[in-house]
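Input: a single structure, listed below in structure tokens.
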Amino acid sequence: SPRSIITFCRSIDTLLGGGMNLSEVTEVVGLPGVGKTQMAMQLCIDTRLSKEFGGVQGEAVYVDSEGSFSPERCLSMAQALVEHVRRNAERRQRNTVNQQQNAQQSITTILPDWFKPENILDGIHVYRVHDEAAQTAVIQSLPAFLDERASRGTPVRLIVIDSIAFHYRCAPPGSDYMARTRSLTTMAAFLSDLATKYDVAVVAINQMTTKAG
């Protein structure tokens, strides 16, 4: 079975050795507006890719701390993925089957019945968290949710936190900086254990900022 979630960006997949690795925590850092959230949403879509086409065929959890998750954009990505897989299937079949009609019949049986844009989105579970307490509560509740999805035969293979430090950066003036740092460190350790225990890829998004003065 594949051990990485492919991004469909050749340079990134090559850099990461095939994609976002299962059982690992990967931090994605960059300036605002460079496409971190777009990449995270694309990973959620790619996680749904069936094993016949090199995917991990799992579900995804998206913990949204900034309100940047876009269902409409995800639908467009899902439609593009289905079309990409369909074209590849057609090309493969035409290379192995002489008659066009027989090739089309084979393509119909290759594409899974569930592999449709709406069904792809059904496997992406979004949690909108508005403060540090809500984010911590959602992350702490993930083991029970992962167990429940696995018992249904639809295991989660990707967890995205976008962005993991947002509510810590936006803490009110005078709050305990050391306590926030300890809380964030504890959360990172928890996610690392979660990735290993449940064989999921954890992607933590972080902003790169500049502090003047």
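Within each chain, counting starts at residue 1; across the structure tokens, chains are named A, B, ... in the order shown, with ligands numbered 1 upward in that order.
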
Notebook entry, point to check: Can you list every residue in segment 19-209 of chain A that DSSP puts in strand (DSSP E or B), as a PyMOL selection string?
Noted result: chain A and resi 20-21+25-30+59-64+124-128+156-162+201-207

Next item on the list: Determine which residues of chain A DSSP labels as helix (DSSP H, G or I) from the backbone of this structure, then write them out as a PyMOL selection string.
Entry: chain A and resi 10-15+36-47+51-53+71-96+100-110+117-122+132-151+166-169+177-198

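One finds atom CA of Ile6 of chain A at 6.6 Å from atom CA of Met20 of chain A.
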
Note to self: Report, in Å with one decimal, the straight-line distance from atom CA of Thr14 of chain A to atom CA of Ala80 of chain A.
What the structure shows: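 Value for the atom CA of Thr14 of chain A-atom CA of Ala80 of chain A distance: 21.7 Å.
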
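The shortest atom-to-atom distance to Ala165 of chain A, with only C-alpha atoms taken into account, belongs to A:Asn206 out of A:Ala144, A:Arg180, A:Ala189, A:Asn206.
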
Check: Which one of A:Ser65, A:Asp176, A:Ser70, A:Val200 sits closest to Ala133 of chain A if you count only C-alpha atoms?
Finding: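 That would be A:Ser65, the residue with the smallest distance to Ala133 of chain A.
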
Item checked: Distance criterion (only C-alpha atoms): nearest to Ser23 of chain A out of A:Ser50, A:Ala204, A:Ser192, A:Arg73 ->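 Using only C-alpha atoms, the shortest distance to Ser23 of chain A belongs to A:Ser192.
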
Note to self: Taking only C-alpha atoms into account, name the residue in A:Glu118, A:Glu90, A:Asp13, A:Glu52 that is nearest to Leu75 of chain A.
What the structure shows: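 Closest residue, counting only C-alpha atoms: A:Glu118.
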
Note to self: Report, in Å with one decimal, the straight-line distance from atom CA of Ala195 of chain A to atom CA of Glu24 of chain A.
What the structure shows: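 Answer for the atom CA of Ala195 of chain A to atom CA of Glu24 of chain A separation: 5.6 Å.
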
Write out as a Markdown table a residue-level contact list of segment 127-175 of chain A versus segment 56-60 of chain A with cut-off 6 Å: for each qualifying residue the closest pair of atoms and the distance in Å to one decimal, counting only C-alpha atoms, rows sorted by chain and residue number upward.
| residue | atom | partner | partner_atom | distance |
| --- | --- | --- | --- | --- |
| A:Pro155 | CA | A:Gly58 | CA | 5.5 |
| A:Val156 | CA | A:Glu59 | CA | 4.3 |
| A:Arg157 | CA | A:Gly58 | CA | 5.1 |
| A:Leu158 | CA | A:Ala60 | CA | 4.7 |
| A:Ile159 | CA | A:Ala60 | CA | 5.8 |

Checklist line | Spatial neighbours of Asp131 of chain A, max dist 9 Å, only C-alpha atoms, sep filter under 6 positions, as a PyMOL selection string | finding: chain A and resi 65+166-168

Residues near Val202 of chain A, cut-off 12 Å, only C-alpha atoms, skip fewer than 6 positions along chain, as an mmCIF file with all heavy atoms, in the first residue's frame:
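As a result, part_16.cif now contains:
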data_model
loop_
_atom_site.group_PDB
_atom_site.id
_atom_site.type_symbol
_atom_site.label_atom_id
_atom_site.label_comp_id
_atom_site.auth_asym_id
_atom_site.auth_seq_id
_atom_site.Cartn_x
_atom_site.Cartn_y
_atom_site.Cartn_z
ATOM 1 N N SER A 4 2.610 7.310 1.191
ATOM 2 C CA SER A 4 2.632 8.767 1.092
ATOM 3 C C SER A 4 1.374 9.250 0.384
ATOM 4 O O SER A 4 0.803 8.546 -0.455
ATOM 5 C CB SER A 4 3.864 9.255 0.325
ATOM 6 O OG SER A 4 5.053 8.832 0.948
ATOM 7 N N ILE A 5 0.967 10.463 0.737
ATOM 8 C CA ILE A 5 -0.147 11.120 0.052
ATOM 9 C C ILE A 5 0.456 12.012 -1.025
ATOM 10 O O ILE A 5 1.147 12.993 -0.731
ATOM 11 C CB ILE A 5 -0.992 11.948 1.032
ATOM 12 C CG1 ILE A 5 -1.559 11.042 2.128
ATOM 13 C CG2 ILE A 5 -2.121 12.665 0.296
ATOM 14 C CD1 ILE A 5 -2.214 11.794 3.272
ATOM 15 N N MET A 20 3.390 13.480 1.203
ATOM 16 C CA MET A 20 3.294 13.601 2.659
ATOM 17 C C MET A 20 3.242 12.203 3.276
ATOM 18 O O MET A 20 2.307 11.433 3.030
ATOM 19 C CB MET A 20 2.044 14.387 3.045
ATOM 20 C CG MET A 20 2.061 15.838 2.597
ATOM 21 S SD MET A 20 3.330 16.792 3.449
ATOM 22 C CE MET A 20 3.091 18.401 2.677
ATOM 23 N N ASN A 21 4.244 11.876 4.050
ATOM 24 C CA ASN A 21 4.366 10.523 4.578
ATOM 25 C C ASN A 21 3.371 10.239 5.690
ATOM 26 O O ASN A 21 3.136 11.082 6.569
ATOM 27 C CB ASN A 21 5.785 10.282 5.108
ATOM 28 C CG ASN A 21 6.819 10.254 4.000
ATOM 29 O OD1 ASN A 21 6.534 9.829 2.888
ATOM 30 N ND2 ASN A 21 8.014 10.711 4.300
ATOM 31 N N LEU A 22 2.806 9.035 5.657
ATOM 32 C CA LEU A 22 1.966 8.579 6.762
ATOM 33 C C LEU A 22 2.835 8.359 7.994
ATOM 34 O O LEU A 22 4.035 8.111 7.900
ATOM 35 C CB LEU A 22 1.249 7.283 6.380
ATOM 36 C CG LEU A 22 0.336 7.324 5.152
ATOM 37 C CD1 LEU A 22 -0.306 5.965 4.934
ATOM 38 C CD2 LEU A 22 -0.721 8.411 5.276
ATOM 39 N N SER A 23 2.214 8.447 9.154
ATOM 40 C CA SER A 23 2.874 8.239 10.454
ATOM 41 C C SER A 23 3.882 9.326 10.792
ATOM 42 O O SER A 23 4.720 9.137 11.662
ATOM 43 C CB SER A 23 3.567 6.863 10.519
ATOM 44 O OG SER A 23 2.628 5.821 10.384
ATOM 45 N N GLU A 24 3.810 10.462 10.105
ATOM 46 C CA GLU A 24 4.734 11.551 10.371
ATOM 47 C C GLU A 24 3.986 12.878 10.477
ATOM 48 O O GLU A 24 2.894 13.028 9.936
ATOM 49 C CB GLU A 24 5.791 11.664 9.266
ATOM 50 C CG GLU A 24 6.745 10.493 9.195
ATOM 51 C CD GLU A 24 7.809 10.681 8.124
ATOM 52 O OE1 GLU A 24 7.863 11.780 7.528
ATOM 53 O OE2 GLU A 24 8.568 9.729 7.885
ATOM 54 N N VAL A 25 4.616 13.831 11.179
ATOM 55 C CA VAL A 25 4.114 15.202 11.241
ATOM 56 C C VAL A 25 4.971 16.052 10.311
ATOM 57 O O VAL A 25 6.203 16.050 10.411
ATOM 58 C CB VAL A 25 4.168 15.773 12.668
ATOM 59 C CG1 VAL A 25 3.703 17.228 12.682
ATOM 60 C CG2 VAL A 25 3.317 14.942 13.619
ATOM 61 N N THR A 26 4.327 16.766 9.401
ATOM 62 C CA THR A 26 5.027 17.653 8.470
ATOM 63 C C THR A 26 4.544 19.076 8.701
ATOM 64 O O THR A 26 3.342 19.335 8.709
ATOM 65 C CB THR A 26 4.751 17.250 7.009
ATOM 66 O OG1 THR A 26 5.133 15.883 6.809
ATOM 67 C CG2 THR A 26 5.531 18.134 6.052
ATOM 68 N N GLU A 27 5.475 19.987 8.899
ATOM 69 C CA GLU A 27 5.135 21.399 9.089
ATOM 70 C C GLU A 27 5.331 22.140 7.772
ATOM 71 O O GLU A 27 6.381 22.039 7.139
ATOM 72 C CB GLU A 27 5.991 22.026 10.184
ATOM 73 C CG GLU A 27 5.612 23.469 10.483
ATOM 74 C CD GLU A 27 6.498 24.103 11.538
ATOM 75 O OE1 GLU A 27 7.648 23.624 11.727
ATOM 76 O OE2 GLU A 27 6.061 25.075 12.177
ATOM 77 N N VAL A 28 4.314 22.890 7.371
ATOM 78 C CA VAL A 28 4.377 23.703 6.161
ATOM 79 C C VAL A 28 4.365 25.167 6.596
ATOM 80 O O VAL A 28 3.407 25.641 7.196
ATOM 81 C CB VAL A 28 3.188 23.412 5.226
ATOM 82 C CG1 VAL A 28 3.245 24.313 3.986
ATOM 83 C CG2 VAL A 28 3.183 21.949 4.806
ATOM 84 N N ALA A 40 -3.031 22.525 1.418
ATOM 85 C CA ALA A 40 -3.668 21.688 2.431
ATOM 86 C C ALA A 40 -4.992 21.128 1.929
ATOM 87 O O ALA A 40 -5.306 19.946 2.133
ATOM 88 C CB ALA A 40 -3.883 22.491 3.713
ATOM 89 N N LEU A 43 -4.324 18.404 -0.567
ATOM 90 C CA LEU A 43 -3.940 17.162 0.109
ATOM 91 C C LEU A 43 -5.167 16.406 0.596
ATOM 92 O O LEU A 43 -5.215 15.170 0.533
ATOM 93 C CB LEU A 43 -3.006 17.462 1.277
ATOM 94 C CG LEU A 43 -1.555 17.781 0.913
ATOM 95 C CD1 LEU A 43 -0.811 18.301 2.147
ATOM 96 C CD2 LEU A 43 -0.851 16.542 0.368
ATOM 97 N N CYS A 44 -6.159 17.138 1.105
ATOM 98 C CA CYS A 44 -7.400 16.485 1.553
ATOM 99 C C CYS A 44 -8.073 15.758 0.396
ATOM 100 O O CYS A 44 -8.555 14.631 0.544
ATOM 101 C CB CYS A 44 -8.355 17.517 2.156
ATOM 102 S SG CYS A 44 -7.838 18.184 3.751
ATOM 103 N N THR A 47 -6.023 12.680 -0.642
ATOM 104 C CA THR A 47 -6.134 11.569 0.319
ATOM 105 C C THR A 47 -7.250 10.607 -0.069
ATOM 106 O O THR A 47 -7.199 9.418 0.243
ATOM 107 C CB THR A 47 -6.383 12.119 1.740
ATOM 108 O OG1 THR A 47 -5.291 12.973 2.103
ATOM 109 C CG2 THR A 47 -6.487 11.007 2.766
ATOM 110 N N ALA A 60 -10.060 12.530 5.470
ATOM 111 C CA ALA A 60 -9.229 13.619 5.966
ATOM 112 C C ALA A 60 -9.975 14.413 7.027
ATOM 113 O O ALA A 60 -11.201 14.538 6.984
ATOM 114 C CB ALA A 60 -8.808 14.540 4.820
ATOM 115 N N VAL A 61 -9.225 14.941 7.971
ATOM 116 C CA VAL A 61 -9.749 15.854 8.989
ATOM 117 C C VAL A 61 -9.054 17.191 8.802
ATOM 118 O O VAL A 61 -7.820 17.256 8.711
ATOM 119 C CB VAL A 61 -9.505 15.324 10.413
ATOM 120 C CG1 VAL A 61 -9.842 16.387 11.454
ATOM 121 C CG2 VAL A 61 -10.322 14.067 10.661
ATOM 122 N N TYR A 62 -9.839 18.266 8.744
ATOM 123 C CA TYR A 62 -9.291 19.614 8.557
ATOM 124 C C TYR A 62 -9.706 20.473 9.734
ATOM 125 O O TYR A 62 -10.890 20.779 9.910
ATOM 126 C CB TYR A 62 -9.814 20.216 7.252
ATOM 127 C CG TYR A 62 -9.011 21.367 6.709
ATOM 128 C CD1 TYR A 62 -8.174 21.199 5.619
ATOM 129 C CD2 TYR A 62 -9.094 22.640 7.291
ATOM 130 C CE1 TYR A 62 -7.434 22.255 5.106
ATOM 131 C CE2 TYR A 62 -8.362 23.694 6.791
ATOM 132 C CZ TYR A 62 -7.533 23.503 5.696
ATOM 133 O OH TYR A 62 -6.802 24.543 5.201
ATOM 134 N N VAL A 63 -8.741 20.840 10.576
ATOM 135 C CA VAL A 63 -9.000 21.718 11.717
ATOM 136 C C VAL A 63 -8.683 23.142 11.267
ATOM 137 O O VAL A 63 -7.522 23.499 11.051
ATOM 138 C CB VAL A 63 -8.145 21.319 12.937
ATOM 139 C CG1 VAL A 63 -8.464 22.222 14.127
ATOM 140 C CG2 VAL A 63 -8.388 19.856 13.304
ATOM 141 N N ILE A 139 -8.582 18.622 18.968
ATOM 142 C CA ILE A 139 -7.421 17.746 18.777
ATOM 143 C C ILE A 139 -7.416 16.615 19.797
ATOM 144 O O ILE A 139 -7.116 15.452 19.459
ATOM 145 C CB ILE A 139 -6.125 18.576 18.839
ATOM 146 C CG1 ILE A 139 -6.045 19.476 17.598
ATOM 147 C CG2 ILE A 139 -4.896 17.677 18.921
ATOM 148 C CD1 ILE A 139 -4.864 20.412 17.571
ATOM 149 N N LEU A 142 -9.686 13.721 18.790
ATOM 150 C CA LEU A 142 -9.419 13.019 17.533
ATOM 151 C C LEU A 142 -9.254 11.504 17.682
ATOM 152 O O LEU A 142 -9.724 10.760 16.810
ATOM 153 C CB LEU A 142 -8.190 13.615 16.848
ATOM 154 C CG LEU A 142 -8.412 14.973 16.174
ATOM 155 C CD1 LEU A 142 -7.100 15.497 15.588
ATOM 156 C CD2 LEU A 142 -9.474 14.880 15.084
ATOM 157 N N VAL A 156 -9.219 7.407 8.615
ATOM 158 C CA VAL A 156 -8.647 8.721 8.338
ATOM 159 C C VAL A 156 -7.158 8.549 8.058
ATOM 160 O O VAL A 156 -6.455 7.844 8.777
ATOM 161 C CB VAL A 156 -8.864 9.669 9.537
ATOM 162 C CG1 VAL A 156 -8.077 10.968 9.345
ATOM 163 C CG2 VAL A 156 -10.352 9.967 9.715
ATOM 164 N N ARG A 157 -6.676 9.186 7.005
ATOM 165 C CA ARG A 157 -5.266 9.086 6.642
ATOM 166 C C ARG A 157 -4.559 10.444 6.649
ATOM 167 O O ARG A 157 -3.348 10.506 6.457
ATOM 168 C CB ARG A 157 -5.123 8.440 5.259
ATOM 169 C CG ARG A 157 -5.416 6.948 5.266
ATOM 170 C CD ARG A 157 -4.295 6.182 5.956
ATOM 171 N NE ARG A 157 -4.591 4.771 6.157
ATOM 172 C CZ ARG A 157 -4.910 4.223 7.303
ATOM 173 N NH1 ARG A 157 -5.001 4.985 8.393
ATOM 174 N NH2 ARG A 157 -5.148 2.945 7.413
ATOM 175 N N LEU A 158 -5.313 11.524 6.879
ATOM 176 C CA LEU A 158 -4.704 12.855 6.893
ATOM 177 C C LEU A 158 -5.395 13.734 7.926
ATOM 178 O O LEU A 158 -6.623 13.764 8.011
ATOM 179 C CB LEU A 158 -4.805 13.511 5.512
ATOM 180 C CG LEU A 158 -4.358 14.975 5.417
ATOM 181 C CD1 LEU A 158 -2.838 15.093 5.606
ATOM 182 C CD2 LEU A 158 -4.790 15.598 4.099
ATOM 183 N N ILE A 159 -4.578 14.447 8.705
ATOM 184 C CA ILE A 159 -5.071 15.475 9.619
ATOM 185 C C ILE A 159 -4.334 16.763 9.294
ATOM 186 O O ILE A 159 -3.108 16.798 9.272
ATOM 187 C CB ILE A 159 -4.844 15.095 11.091
ATOM 188 C CG1 ILE A 159 -5.608 13.814 11.450
ATOM 189 C CG2 ILE A 159 -5.261 16.242 12.022
ATOM 190 C CD1 ILE A 159 -5.253 13.267 12.828
ATOM 191 N N VAL A 160 -5.085 17.827 9.019
ATOM 192 C CA VAL A 160 -4.515 19.141 8.733
ATOM 193 C C VAL A 160 -4.927 20.098 9.842
ATOM 194 O O VAL A 160 -6.099 20.143 10.224
ATOM 195 C CB VAL A 160 -4.999 19.684 7.372
ATOM 196 C CG1 VAL A 160 -4.536 21.126 7.177
ATOM 197 C CG2 VAL A 160 -4.504 18.813 6.233
ATOM 198 N N ILE A 161 -3.970 20.869 10.373
ATOM 199 C CA ILE A 161 -4.279 21.955 11.299
ATOM 200 C C ILE A 161 -3.807 23.243 10.646
ATOM 201 O O ILE A 161 -2.615 23.451 10.446
ATOM 202 C CB ILE A 161 -3.607 21.770 12.678
ATOM 203 C CG1 ILE A 161 -4.026 20.449 13.310
ATOM 204 C CG2 ILE A 161 -4.003 22.918 13.604
ATOM 205 C CD1 ILE A 161 -3.047 19.336 13.105
ATOM 206 N N ASP A 162 -4.767 24.101 10.302
ATOM 207 C CA ASP A 162 -4.478 25.316 9.538
ATOM 208 C C ASP A 162 -5.085 26.541 10.248
ATOM 209 O O ASP A 162 -6.272 26.778 10.149
ATOM 210 C CB ASP A 162 -5.065 25.172 8.133
ATOM 211 C CG ASP A 162 -4.772 26.369 7.253
ATOM 212 O OD1 ASP A 162 -3.883 27.174 7.600
ATOM 213 O OD2 ASP A 162 -5.438 26.499 6.206
ATOM 214 N N ILE A 164 -1.745 25.974 13.041
ATOM 215 C CA ILE A 164 -1.665 25.407 14.382
ATOM 216 C C ILE A 164 -1.380 26.469 15.450
ATOM 217 O O ILE A 164 -1.824 26.346 16.591
ATOM 218 C CB ILE A 164 -0.603 24.292 14.421
ATOM 219 C CG1 ILE A 164 -0.695 23.514 15.738
ATOM 220 C CG2 ILE A 164 0.789 24.847 14.177
ATOM 221 C CD1 ILE A 164 0.112 22.250 15.758
ATOM 222 N N ALA A 188 1.987 19.510 19.940
ATOM 223 C CA ALA A 188 2.847 18.944 18.897
ATOM 224 C C ALA A 188 3.231 17.505 19.232
ATOM 225 O O ALA A 188 3.230 16.624 18.365
ATOM 226 C CB ALA A 188 4.090 19.804 18.721
ATOM 227 N N ALA A 189 3.555 17.243 20.499
ATOM 228 C CA ALA A 189 3.901 15.882 20.924
ATOM 229 C C ALA A 189 2.696 14.955 20.798
ATOM 230 O O ALA A 189 2.839 13.797 20.376
ATOM 231 C CB ALA A 189 4.418 15.907 22.361
ATOM 232 N N PHE A 190 1.527 15.462 21.148
ATOM 233 C CA PHE A 190 0.303 14.667 21.030
ATOM 234 C C PHE A 190 0.038 14.287 19.577
ATOM 235 O O PHE A 190 -0.309 13.134 19.269
ATOM 236 C CB PHE A 190 -0.879 15.454 21.604
ATOM 237 C CG PHE A 190 -2.188 14.730 21.555
ATOM 238 C CD1 PHE A 190 -2.542 13.836 22.555
ATOM 239 C CD2 PHE A 190 -3.086 14.939 20.507
ATOM 240 C CE1 PHE A 190 -3.756 13.167 22.511
ATOM 241 C CE2 PHE A 190 -4.293 14.271 20.459
ATOM 242 C CZ PHE A 190 -4.634 13.379 21.464
ATOM 243 N N LEU A 191 0.208 15.233 18.667
ATOM 244 C CA LEU A 191 -0.017 14.967 17.248
ATOM 245 C C LEU A 191 0.998 13.979 16.692
ATOM 246 O O LEU A 191 0.668 13.146 15.845
ATOM 247 C CB LEU A 191 0.029 16.277 16.465
ATOM 248 C CG LEU A 191 -1.149 17.232 16.682
ATOM 249 C CD1 LEU A 191 -0.863 18.580 16.048
ATOM 250 C CD2 LEU A 191 -2.442 16.643 16.138
ATOM 251 N N SER A 192 2.223 14.062 17.170
ATOM 252 C CA SER A 192 3.250 13.111 16.731
ATOM 253 C C SER A 192 2.882 11.694 17.152
ATOM 254 O O SER A 192 3.002 10.740 16.358
ATOM 255 C CB SER A 192 4.606 13.510 17.316
ATOM 256 O OG SER A 192 5.611 12.609 16.918
ATOM 257 N N ASP A 193 2.425 11.525 18.393
ATOM 258 C CA ASP A 193 1.985 10.207 18.865
ATOM 259 C C ASP A 193 0.777 9.721 18.069
ATOM 260 O O ASP A 193 0.667 8.533 17.739
ATOM 261 C CB ASP A 193 1.643 10.264 20.355
ATOM 262 C CG ASP A 193 2.876 10.491 21.224
ATOM 263 O OD1 ASP A 193 3.987 10.241 20.750
ATOM 264 O OD2 ASP A 193 2.702 10.922 22.386
ATOM 265 N N LEU A 194 -0.129 10.662 17.763
ATOM 266 C CA LEU A 194 -1.333 10.314 17.005
ATOM 267 C C LEU A 194 -0.966 9.812 15.613
ATOM 268 O O LEU A 194 -1.522 8.815 15.125
ATOM 269 C CB LEU A 194 -2.232 11.550 16.902
ATOM 270 C CG LEU A 194 -3.706 11.338 16.577
ATOM 271 C CD1 LEU A 194 -4.413 10.680 17.756
ATOM 272 C CD2 LEU A 194 -4.365 12.683 16.265
ATOM 273 N N ALA A 195 -0.025 10.490 14.975
ATOM 274 C CA ALA A 195 0.403 10.092 13.625
ATOM 275 C C ALA A 195 0.959 8.676 13.624
ATOM 276 O O ALA A 195 0.663 7.875 12.726
ATOM 277 C CB ALA A 195 1.446 11.077 13.107
ATOM 278 N N THR A 196 1.756 8.362 14.631
ATOM 279 C CA THR A 196 2.380 7.038 14.702
ATOM 280 C C THR A 196 1.363 5.956 15.026
ATOM 281 O O THR A 196 1.334 4.896 14.389
ATOM 282 C CB THR A 196 3.493 7.046 15.767
ATOM 283 O OG1 THR A 196 4.454 8.048 15.441
ATOM 284 C CG2 THR A 196 4.174 5.688 15.833
#

Checklist line | Distance criterion (only C-alpha atoms): nearest to Val82 of chain A out of A:Ile12, A:Asn95, A:Ile45, A:Glu66 | finding: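 The closest residue to Val82 of chain A is A:Ile45.
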
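Restricting the calculation to only C-alpha atoms, the smallest distance between Arg92 of chain A and any of A:Phe8, A:Tyr127, A:Tyr198, A:Phe53 is found for A:Phe53.
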